[in-house]
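Content type mmCIF, C-alpha atoms, from the file start35.cif:
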data_start
#
loop_
_atom_site.label_atom_id
_atom_site.label_comp_id
_atom_site.auth_asym_id
_atom_site.auth_seq_id
_atom_site.Cartn_x
_atom_site.Cartn_y
_atom_site.Cartn_z
CA MET A 282 5.95 -48.52 -23.67
CA GLU A 283 4.64 -51.62 -25.35
CA PRO A 284 2.22 -54.45 -24.59
CA HIS A 285 3.20 -57.85 -23.19
CA ASP A 286 1.79 -61.28 -23.79
CA ASP A 287 0.52 -64.19 -21.79
CA PRO A 288 2.02 -67.15 -23.71
CA GLY A 289 -0.03 -69.81 -21.95
CA THR A 290 -3.38 -69.18 -23.61
CA GLU A 291 -4.95 -68.96 -27.04
CA GLU A 292 -7.97 -66.79 -26.24
CA ARG A 293 -8.28 -63.05 -26.21
CA GLY A 294 -8.58 -61.70 -22.69
CA ALA A 295 -10.41 -58.84 -21.08
CA PRO A 296 -8.62 -55.51 -20.64
CA LEU A 297 -6.58 -55.14 -17.49
CA GLY A 298 -8.12 -53.52 -14.44
CA ARG A 299 -8.58 -49.78 -14.30
CA ARG A 300 -6.30 -49.34 -11.28
CA LEU A 301 -3.40 -51.07 -12.99
CA ILE A 302 -3.89 -49.05 -16.18
CA LEU A 303 -4.04 -45.81 -14.20
CA GLY A 304 -0.88 -46.82 -12.40
CA MET A 305 0.87 -47.35 -15.72
CA LEU A 306 -0.35 -43.97 -16.96
CA GLY A 307 1.00 -42.41 -13.79
CA ALA A 308 4.37 -43.91 -14.53
CA GLY A 309 4.18 -42.61 -18.09
CA ALA A 310 3.41 -39.11 -16.85
CA LEU A 311 6.75 -39.05 -15.06
CA GLY A 312 8.37 -39.08 -18.49
CA VAL A 313 11.99 -39.23 -19.45
CA ALA A 314 13.10 -36.76 -16.77
CA ALA A 315 12.22 -39.15 -13.95
CA ALA A 316 13.45 -42.28 -15.69
CA PRO A 317 16.69 -43.05 -13.80
CA ALA A 318 15.09 -42.88 -10.35
CA LEU A 319 12.01 -44.73 -11.57
CA GLN A 320 14.06 -47.52 -13.08
CA ARG A 321 16.14 -47.98 -9.91
CA ALA A 322 13.00 -48.14 -7.80
CA VAL A 323 11.29 -50.63 -10.11
CA GLU A 324 14.37 -52.87 -10.23
CA SER A 325 14.55 -52.88 -6.44
CA VAL A 326 10.88 -53.75 -5.98
CA THR A 327 10.84 -56.31 -8.80
CA SER A 328 13.36 -58.51 -7.03
CA LYS A 329 11.12 -58.63 -3.95
CA ASP A 330 7.66 -58.79 -5.48
CA PRO A 331 6.21 -62.33 -5.66
CA THR A 332 3.07 -61.20 -7.51
CA GLY A 333 4.85 -60.45 -10.76
CA VAL A 334 2.93 -57.19 -11.22
CA THR A 335 6.12 -55.12 -11.23
CA GLY A 336 7.37 -57.23 -14.10
CA LEU A 337 4.86 -55.31 -16.22
CA LEU A 338 6.79 -52.06 -15.72
CA PRO A 339 9.83 -50.81 -17.64
CA ALA A 340 13.25 -51.19 -16.01
CA GLY A 341 16.89 -50.82 -17.03
CA GLY A 342 18.89 -53.32 -19.00
CA GLY A 343 16.58 -53.87 -21.97
CA PHE A 344 12.97 -54.44 -22.91
CA ARG A 345 10.12 -54.88 -20.46
CA TYR A 346 6.64 -55.82 -21.61
CA TYR A 347 3.02 -55.70 -20.58
CA SER A 348 -0.31 -56.24 -22.25
CA VAL A 349 -3.54 -54.30 -22.16
CA THR A 350 -5.36 -57.65 -22.14
CA ALA A 351 -5.08 -60.68 -19.91
CA SER A 352 -4.02 -62.92 -22.82
CA VAL A 353 -2.95 -62.78 -26.46
CA PRO A 354 -3.47 -65.54 -29.03
CA HIS A 355 -0.45 -66.97 -30.83
CA LYS A 356 -0.24 -66.69 -34.62
CA ASP A 357 2.15 -68.38 -37.03
CA GLU A 358 2.75 -68.56 -40.79
CA HIS A 359 -0.34 -70.73 -41.18
CA SER A 360 -2.80 -68.71 -39.08
CA TYR A 361 -1.54 -65.13 -39.39
CA ARG A 362 -3.37 -62.65 -41.65
CA LEU A 363 -2.94 -58.91 -42.18
CA THR A 364 -5.93 -57.13 -43.69
CA VAL A 365 -5.76 -53.82 -45.55
CA ASP A 366 -9.08 -52.03 -46.04
CA GLY A 367 -10.95 -48.75 -45.64
CA LEU A 368 -10.46 -45.93 -48.16
CA VAL A 369 -8.51 -48.01 -50.67
CA GLU A 370 -9.16 -49.18 -54.22
CA HIS A 371 -7.78 -52.67 -53.65
CA PRO A 372 -8.49 -54.19 -50.21
CA ALA A 373 -6.10 -57.04 -49.51
CA THR A 374 -5.20 -59.77 -47.09
CA TYR A 375 -1.57 -60.79 -46.64
CA THR A 376 -0.24 -64.04 -45.25
CA LEU A 377 3.09 -64.13 -43.45
CA PRO A 378 4.90 -65.76 -46.41
CA GLU A 379 3.47 -63.06 -48.71
CA LEU A 380 4.81 -60.29 -46.46
CA ARG A 381 8.21 -61.97 -46.34
CA ALA A 382 8.29 -62.09 -50.14
CA LEU A 383 7.97 -58.30 -50.43
CA PRO A 384 11.07 -56.05 -50.51
CA GLN A 385 12.46 -55.69 -47.00
CA THR A 386 13.98 -52.60 -45.35
CA ARG A 387 16.34 -52.75 -42.36
CA LEU A 388 16.52 -49.84 -39.88
CA VAL A 389 18.72 -49.42 -36.81
CA HIS A 390 17.58 -46.85 -34.24
CA ASP A 391 17.24 -46.50 -30.49
CA VAL A 392 13.98 -47.74 -29.04
CA GLN A 393 12.65 -45.12 -26.62
CA CYS A 394 9.75 -45.63 -24.21
CA VAL A 395 7.81 -42.60 -23.06
CA THR A 396 8.40 -43.70 -19.45
CA GLY A 397 12.14 -43.32 -19.92
CA TRP A 398 13.73 -46.68 -20.66
CA ARG A 399 15.71 -46.99 -23.86
CA VAL A 400 17.32 -49.81 -25.87
CA PRO A 401 20.04 -48.35 -28.14
CA GLY A 402 20.84 -49.44 -31.67
CA THR A 403 17.97 -51.89 -32.18
CA PRO A 404 17.61 -53.34 -35.71
CA PHE A 405 14.13 -53.79 -37.18
CA GLU A 406 13.39 -55.22 -40.59
CA GLY A 407 10.21 -55.39 -42.61
CA VAL A 408 8.06 -53.92 -45.36
CA ARG A 409 7.64 -50.17 -45.56
CA LEU A 410 4.07 -49.29 -44.68
CA SER A 411 4.08 -46.90 -47.64
CA ARG A 412 4.61 -49.84 -50.01
CA ILE A 413 1.54 -51.62 -48.67
CA LEU A 414 -0.51 -48.43 -48.93
CA ASP A 415 0.63 -47.84 -52.50
CA ALA A 416 -0.34 -51.40 -53.46
CA ALA A 417 -3.79 -50.84 -51.95
CA GLY A 418 -4.40 -47.63 -53.90
CA VAL A 419 -5.24 -44.97 -51.31
CA ARG A 420 -8.30 -42.90 -52.23
CA PRO A 421 -8.16 -39.06 -52.38
CA ALA A 422 -10.32 -38.68 -49.26
CA ALA A 423 -7.82 -40.57 -47.11
CA ARG A 424 -6.10 -38.67 -44.32
CA ALA A 425 -4.96 -41.28 -41.80
CA VAL A 426 -4.28 -44.93 -41.05
CA ARG A 427 -5.75 -46.89 -38.16
CA LEU A 428 -3.86 -49.97 -36.92
CA THR A 429 -5.56 -52.82 -35.08
CA CYS A 430 -4.05 -55.81 -33.29
CA PHE A 431 -5.05 -59.42 -32.74
CA ASP A 432 -4.99 -59.05 -28.96
CA GLY A 433 -8.46 -57.59 -29.56
CA ALA A 434 -7.88 -54.31 -27.74
CA TYR A 435 -4.80 -52.37 -28.83
CA THR A 436 -5.11 -49.77 -31.57
CA GLU A 437 -2.93 -47.01 -32.99
CA SER A 438 -3.22 -44.28 -35.62
CA LEU A 439 -0.93 -42.27 -37.86
CA THR A 440 -1.62 -39.48 -40.28
CA LEU A 441 -1.22 -40.57 -43.88
CA GLN A 442 1.88 -38.37 -44.13
CA GLN A 443 3.41 -40.08 -41.09
CA ALA A 444 2.50 -43.54 -42.37
CA ARG A 445 4.31 -42.88 -45.64
CA ARG A 446 7.64 -42.07 -43.97
CA ASP A 447 10.57 -44.26 -44.97
CA ASP A 448 11.20 -45.16 -41.30
CA VAL A 449 7.78 -46.69 -40.64
CA LEU A 450 7.68 -50.46 -41.14
CA VAL A 451 5.36 -53.40 -40.99
CA ALA A 452 8.09 -55.25 -39.12
CA LEU A 453 8.82 -58.98 -39.36
CA ARG A 454 12.21 -59.09 -37.65
CA MET A 455 13.88 -57.45 -34.65
CA GLN A 456 17.51 -57.72 -33.54
CA ASP A 457 18.14 -59.81 -36.67
CA LYS A 458 15.68 -62.51 -35.63
CA ASP A 459 12.10 -63.27 -36.62
CA LEU A 460 9.74 -61.43 -34.30
CA GLY A 461 8.79 -63.67 -31.41
CA HIS A 462 5.39 -63.59 -29.79
CA SER A 463 6.49 -61.52 -26.78
CA HIS A 464 7.95 -58.89 -29.12
CA GLY A 465 4.65 -58.58 -30.99
CA GLY A 466 5.24 -61.27 -33.57
CA PRO A 467 4.86 -62.49 -36.05
CA VAL A 468 4.18 -58.94 -37.33
CA ARG A 469 4.17 -55.57 -35.59
CA LEU A 470 4.25 -51.92 -36.53
CA TYR A 471 7.55 -50.07 -36.11
CA VAL A 472 7.51 -46.26 -36.07
CA ALA A 473 11.17 -45.37 -35.63
CA PRO A 474 10.89 -41.63 -34.80
CA MET A 475 8.11 -41.97 -32.22
CA TYR A 476 7.84 -43.33 -28.69
CA PHE A 477 7.44 -47.08 -28.63
CA TYR A 478 3.74 -47.16 -27.74
CA LYS A 479 3.10 -46.13 -31.36
CA SER A 480 4.79 -49.34 -32.59
CA ALA A 481 1.78 -51.54 -32.04
CA LYS A 482 2.45 -55.23 -31.41
CA TRP A 483 0.52 -58.19 -32.89
CA LEU A 484 -0.54 -56.14 -35.93
CA SER A 485 -3.54 -57.57 -37.76
CA GLY A 486 -5.29 -54.68 -39.53
CA ILE A 487 -4.46 -51.55 -41.54
CA THR A 488 -7.51 -49.40 -42.20
CA VAL A 489 -7.23 -46.19 -44.23
CA THR A 490 -9.54 -43.53 -42.81
CA ASP A 491 -10.58 -39.92 -43.41
CA GLU A 492 -9.33 -38.70 -40.02
CA VAL A 493 -6.97 -39.65 -37.21
CA ARG A 494 -8.72 -41.76 -34.61
CA PRO A 495 -6.83 -41.81 -31.31
CA GLY A 496 -5.42 -45.19 -30.34
CA TYR A 497 -5.64 -47.11 -27.08
CA TRP A 498 -3.16 -44.99 -25.11
CA GLU A 499 -4.16 -41.69 -26.73
CA GLU A 500 -7.68 -42.28 -25.43
CA ARG A 501 -6.07 -42.47 -21.99
CA GLY A 502 -4.11 -39.24 -22.21
CA TYR A 503 -0.99 -39.96 -24.29
CA ASP A 504 0.00 -37.77 -27.25
CA VAL A 505 -1.31 -38.71 -30.68
CA ASP A 506 1.87 -37.31 -32.25
CA ALA A 507 4.51 -39.08 -30.18
CA TRP A 508 7.77 -37.77 -31.65
CA VAL A 509 10.67 -38.76 -29.42
CA GLY A 510 11.80 -35.74 -27.43
CA ARG A 511 9.20 -33.51 -29.04
CA SER A 512 5.83 -34.72 -27.79
CA ASN A 513 4.21 -34.26 -24.41
CA GLY A 514 4.61 -30.48 -24.63
CA ARG A 515 8.42 -30.42 -24.81
CA ASP A 516 8.98 -29.12 -28.35
CA ASP A 517 7.23 -28.53 -31.63
CA ALA A 518 6.61 -31.71 -33.63
CA PRO A 519 8.49 -32.11 -36.92
CA THR A 520 6.56 -31.28 -40.07
CA THR A 521 7.53 -34.49 -41.91
#
Write-out of the structure in structure tokens:
Amino acid sequence: MEPHDDPGTEERGAPLGRRLILGMLGAGALGVAAAPALQRAVESVTSKDPTGVTGLLPAGGGFRYYSVTASVPHKDEHSYRLTVDGLVEHPATYTLPELRALPQTRLVHDVQCVTGWRVPGTPFEGVRLSRILDAAGVRPAARAVRLTCFDGAYTESLTLQQARRDDVLVALRMQDKDLGHSHGGPVRLYVAPMYFYKSAKWLSGITVTDEVRPGYWEERGYDVDAWVGRSNGRDDAPTT
């Protein structure tokens, strides 16, 4: 599950209505087990729905997107900034060219949404989050990382141990292309071993904190530790 954009506006919008959010959460609660039937139903309704609301839901055949706000501003190499602050010795602000100049890591994994849709073998490329944390000098009291986004509403969190994994990226490219706006560009988080709602789009802030602070969807009932196949009460989460 990941947010979508409204490419026709430059201003941050208000969060979507409560009924629509609850409807999305209801779909998420169905989980992977109900995915095939859910996808067939959504695809059938989507072709008949003139409102476009069903286009916000996941369906088969690839990515589907929605946003938790009515609009998302566009950023480019001139206007984009990523701030790193909180419990660090060296707060920093990165431009897009500066992020591109750092060593890049390429990962290829399946993208799995908690509602059941999956895109196999998807390449992501970017800077390991651990590298950015090391450059900032994490203080001893640090226990977690809070991620914020320039849509003005979406947030996510990882434990410091999770954030330092080799398969967690500040991603600049997806499917061997620069990240477009609708995919969360120009920069997004990519957490390969977790459900896709943890891979926050439109990343603008990395704040090191002393505790995990639940993100946007966790505040609405989703698991904080979203290991694919192991969260939502199915199995024990991995220790690393």
Applied to the shown file, which residues does the PyMOL selection byres ((chain A and resi 399-404) around 9) return, written as a PyMOL selection string? chain A and resi 341-344+387-394+397-398+405-406+454-457
If you count all atoms listed in the file, the residue of A:Leu410, A:Val505, A:Val493, A:Leu441 closest to Leu380 of chain A turns out to be A:Leu410
To verify the selection step, state as a VMD selection string which residues the PyMOL selection byres ((chain A and resi 466) around 12) yields on this input. chain A and resid 284 to 286 288 353 to 358 361 to 362 377 407 430 to 432 451 to 455 458 to 465 467 to 471 480 to 485
Evaluating the PyMOL selection byres ((chain A and resi 424) around 7) on the displayed file yields which residues, as an MDAnalysis selection string? chainID A and resid 422:423 425 440:441 490:492
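For the point (3.1, -48.2, -51.1), the residues with an atom at a distance of at most 12 Å are Val365, Val369, Leu383, Pro384, Val408, Arg409, Leu410, Ser411, Arg412, Ile413, Leu414, Asp415, Ala416, Ala417, Gly418, Val419, Leu441, Ala444, Arg445, Arg446, Asp447, Val449, Leu450 and Val451 of chain A, counting only C-alpha atoms.
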Selected residues written out, C-alpha atoms, as a compact mmCIF listing (two decimals), keeping the file's coordinate frame:
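Output saved as result_6.txt:
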# COMPACT_ATOMS: atom_id res chain seq x y z
CA VAL A 365 -5.76 -53.82 -45.55
CA VAL A 369 -8.51 -48.01 -50.67
CA LEU A 383 7.97 -58.30 -50.43
CA PRO A 384 11.07 -56.05 -50.51
CA VAL A 408 8.06 -53.92 -45.36
CA ARG A 409 7.64 -50.17 -45.56
CA LEU A 410 4.07 -49.29 -44.68
CA SER A 411 4.08 -46.90 -47.64
CA ARG A 412 4.61 -49.84 -50.01
CA ILE A 413 1.54 -51.62 -48.67
CA LEU A 414 -0.51 -48.43 -48.93
CA ASP A 415 0.63 -47.84 -52.50
CA ALA A 416 -0.34 -51.40 -53.46
CA ALA A 417 -3.79 -50.84 -51.95
CA GLY A 418 -4.40 -47.63 -53.90
CA VAL A 419 -5.24 -44.97 -51.31
CA LEU A 441 -1.22 -40.57 -43.88
CA ALA A 444 2.50 -43.54 -42.37
CA ARG A 445 4.31 -42.88 -45.64
CA ARG A 446 7.64 -42.07 -43.97
CA ASP A 447 10.57 -44.26 -44.97
CA VAL A 449 7.78 -46.69 -40.64
CA LEU A 450 7.68 -50.46 -41.14
CA VAL A 451 5.36 -53.40 -40.99
Atom CA of Asp366 of chain A and atom CA of Thr488 of chain A are how many Å apart? 4.9 Å
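From atom CA of Pro474 of chain A back to atom CA of Ala507 of chain A, the distance works out to 8.3 Å.
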Some atoms are missing, so please complete segment 459-471 of chain A with N, CA, C and O atoms and return it as a CSV table (one decimal), in the frame of the given file.
chain,number,residue,atom,x,y,z
A,459,ASP,N,13.5,-63.4,-36.4
A,459,ASP,CA,12.1,-63.3,-36.6
A,459,ASP,C,11.4,-62.8,-35.3
A,459,ASP,O,11.8,-63.2,-34.2
A,460,LEU,N,10.4,-61.9,-35.5
A,460,LEU,CA,9.7,-61.4,-34.3
A,460,LEU,C,9.1,-62.6,-33.5
A,460,LEU,O,8.2,-63.3,-34.1
A,461,GLY,N,9.5,-62.7,-32.3
A,461,GLY,CA,8.8,-63.7,-31.4
A,461,GLY,C,7.5,-63.1,-30.9
A,461,GLY,O,7.2,-61.9,-31.0
A,462,HIS,N,6.7,-64.0,-30.3
A,462,HIS,CA,5.4,-63.6,-29.8
A,462,HIS,C,5.5,-62.5,-28.8
A,462,HIS,O,4.7,-61.5,-28.8
A,463,SER,N,6.4,-62.5,-27.8
A,463,SER,CA,6.5,-61.5,-26.8
A,463,SER,C,6.9,-60.2,-27.3
A,463,SER,O,6.7,-59.1,-26.7
A,464,HIS,N,7.6,-60.1,-28.5
A,464,HIS,CA,8.0,-58.9,-29.1
A,464,HIS,C,6.9,-58.4,-30.1
A,464,HIS,O,7.2,-57.5,-30.9
A,465,GLY,N,5.7,-59.0,-30.1
A,465,GLY,CA,4.6,-58.6,-31.0
A,465,GLY,C,4.5,-59.4,-32.3
A,465,GLY,O,3.8,-58.9,-33.2
A,466,GLY,N,5.2,-60.5,-32.4
A,466,GLY,CA,5.2,-61.3,-33.6
A,466,GLY,C,4.0,-62.1,-33.8
A,466,GLY,O,3.2,-62.2,-32.9
A,467,PRO,N,3.8,-62.5,-35.0
A,467,PRO,CA,4.9,-62.5,-36.0
A,467,PRO,C,5.0,-61.2,-36.8
A,467,PRO,O,6.0,-61.0,-37.5
A,468,VAL,N,4.1,-60.2,-36.6
A,468,VAL,CA,4.2,-58.9,-37.3
A,468,VAL,C,3.8,-57.8,-36.4
A,468,VAL,O,2.7,-57.9,-35.7
A,469,ARG,N,4.5,-56.8,-36.4
A,469,ARG,CA,4.2,-55.6,-35.6
A,469,ARG,C,4.4,-54.3,-36.4
A,469,ARG,O,5.1,-54.4,-37.5
A,470,LEU,N,3.9,-53.2,-36.0
A,470,LEU,CA,4.2,-51.9,-36.5
A,470,LEU,C,5.5,-51.4,-35.9
A,470,LEU,O,5.8,-51.7,-34.7
A,471,TYR,N,6.4,-50.7,-36.7
A,471,TYR,CA,7.6,-50.1,-36.1
A,471,TYR,C,7.6,-48.6,-36.6
A,471,TYR,O,7.8,-48.4,-37.8
